[in-house]
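**Student:** Handing you a structure now.
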Amino acid sequence: SGPYAGCGDERMRRIRRLEQRKAAFIGGYSVQVQLGYPSAAVKVPDGGGLTEDILAVLEAARPEVLYLHNPADKHDTHVAVLLRSLEAVRRLPPRRRPRRVLGCEVWRGLDWLVEADQRALPVSQRPNLSAALLGVYDSQISGGKRYDLAAIGRRTANATYHASHDRDRETALVYAVDLSPLVSSTGDLGRAVREFVAGLVGRLRADVERRLDRVGGR
């Protein structure tokens, strides 16, 4: 909508690529790799070659910490990218895998995780840079999705609601879940991911039931 209402898909792709490059410049990124896969290709089991490309990036960059989407994300493409990325990490020799692999909240928050499963990542520093990076994506913001306000609002809410009986120690937090068990496990990745998420949900359910029992809910 708005100033982008008349954009066709190809023009929008060009605009989005440029926005991403602007963000890389503003953020001082060391490198940005734009693979350009359409969502339909990403969501097929082999990723249309995406897994191999991600593997090549990982082999070149050798990250110590790898940030991915989380497996409970409600966006199909995000979950597909996560699976292709985990497949790529699994193909690396163990000694060359990232030290930590974290699944972050995007199209579903992770405030529902029990505290033992949460990895709270402080993002309080340089709020001006956060605002500048989010503001780059005008085609999304002016196009009808206020991601700039939503992202900052979620991070602020996470920091405030992180601890019920303590003062706020950060002004902004992003929640993540440790995906290391999915990297180190063997066998069918899809089944491992489903069992992993079922465990997260099961521990939330148990936590809620214990609290109800404790305060006389039974």
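Identifiers for the structure tokens are assigned positionally: chains receive A, B, ... in sequence, residues are indexed from 1 per chain, and ligands are indexed from 1 in the order shown.
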Quick one: pick out all strand (DSSP E) residues within segment 148-209 of chain A from a backbone DSSP run and write them as a PyMOL selection string.
**Tutor:** chain A and resi 173-178
**Student:** Write out as an mmCIF file with all heavy atoms, in the first residue's frame which residues come within 8 Å of Gly2 of chain A when counting only C-alpha atoms, dropping same-chain ones fewer than 2 positions away.
**Tutor:**
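Everything below was put into result_21.cif:
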data_model
loop_
_atom_site.group_PDB
_atom_site.id
_atom_site.type_symbol
_atom_site.label_atom_id
_atom_site.label_comp_id
_atom_site.auth_asym_id
_atom_site.auth_seq_id
_atom_site.Cartn_x
_atom_site.Cartn_y
_atom_site.Cartn_z
ATOM 1 N N TYR A 4 4.094 2.392 -2.448
ATOM 2 C CA TYR A 4 4.545 1.178 -3.136
ATOM 3 C C TYR A 4 3.377 0.375 -3.712
ATOM 4 O O TYR A 4 3.565 -0.756 -4.151
ATOM 5 C CB TYR A 4 5.342 0.299 -2.171
ATOM 6 C CG TYR A 4 6.573 1.005 -1.648
ATOM 7 C CD1 TYR A 4 6.523 1.708 -0.448
ATOM 8 C CD2 TYR A 4 7.767 0.989 -2.361
ATOM 9 C CE1 TYR A 4 7.641 2.383 0.026
ATOM 10 C CE2 TYR A 4 8.889 1.659 -1.893
ATOM 11 C CZ TYR A 4 8.817 2.355 -0.696
ATOM 12 O OH TYR A 4 9.921 3.019 -0.241
ATOM 13 N N ALA A 5 2.194 0.968 -3.712
ATOM 14 C CA ALA A 5 1.001 0.238 -4.132
ATOM 15 C C ALA A 5 1.107 -0.271 -5.566
ATOM 16 O O ALA A 5 0.578 -1.322 -5.905
ATOM 17 C CB ALA A 5 -0.234 1.127 -3.979
ATOM 18 N N SER A 142 6.319 1.816 5.049
ATOM 19 C CA SER A 142 5.360 2.643 4.320
ATOM 20 C C SER A 142 4.391 1.784 3.519
ATOM 21 O O SER A 142 3.319 2.243 3.135
ATOM 22 C CB SER A 142 6.089 3.611 3.380
ATOM 23 O OG SER A 142 6.873 4.532 4.118
ATOM 24 N N GLY A 143 4.789 0.531 3.289
ATOM 25 C CA GLY A 143 3.923 -0.381 2.560
ATOM 26 C C GLY A 143 2.841 -0.999 3.417
ATOM 27 O O GLY A 143 2.040 -1.792 2.908
ATOM 28 N N GLY A 144 2.810 -0.673 4.716
ATOM 29 C CA GLY A 144 1.685 -1.117 5.530
ATOM 30 C C GLY A 144 2.009 -2.004 6.711
ATOM 31 O O GLY A 144 1.097 -2.472 7.395
#
**Student:** Got a sec: who's within 9 Å of Leu58 of chain A, counting only C-alpha atoms, leaving out chain neighbours fewer than 2 positions off, as a list in words?
**Tutor:** Asp53, Ile54, Leu55, Ala56, Ala60, Ala61, Arg62, Pro63, Ala88, Val89, Leu92, Arg97 and Pro98 of chain A
**Student:** Please return as a PyMOL selection string: the residues of chain A that backbone DSSP assigns to alpha helix (DSSP H).
**Tutor:** chain A and resi 9-27+39-42+50-61+76-91+127-135+138-141+147-161+180-184+189-214
**Student:** Please provide as a VMD selection string all residues within 8 Å of Asp148 of chain A, with the sequence filter that same-chain residues fewer than 4 positions apart are discarded (counting only C-alpha atoms).
**Tutor:** chain A and resid 131 134 to 135 141 152
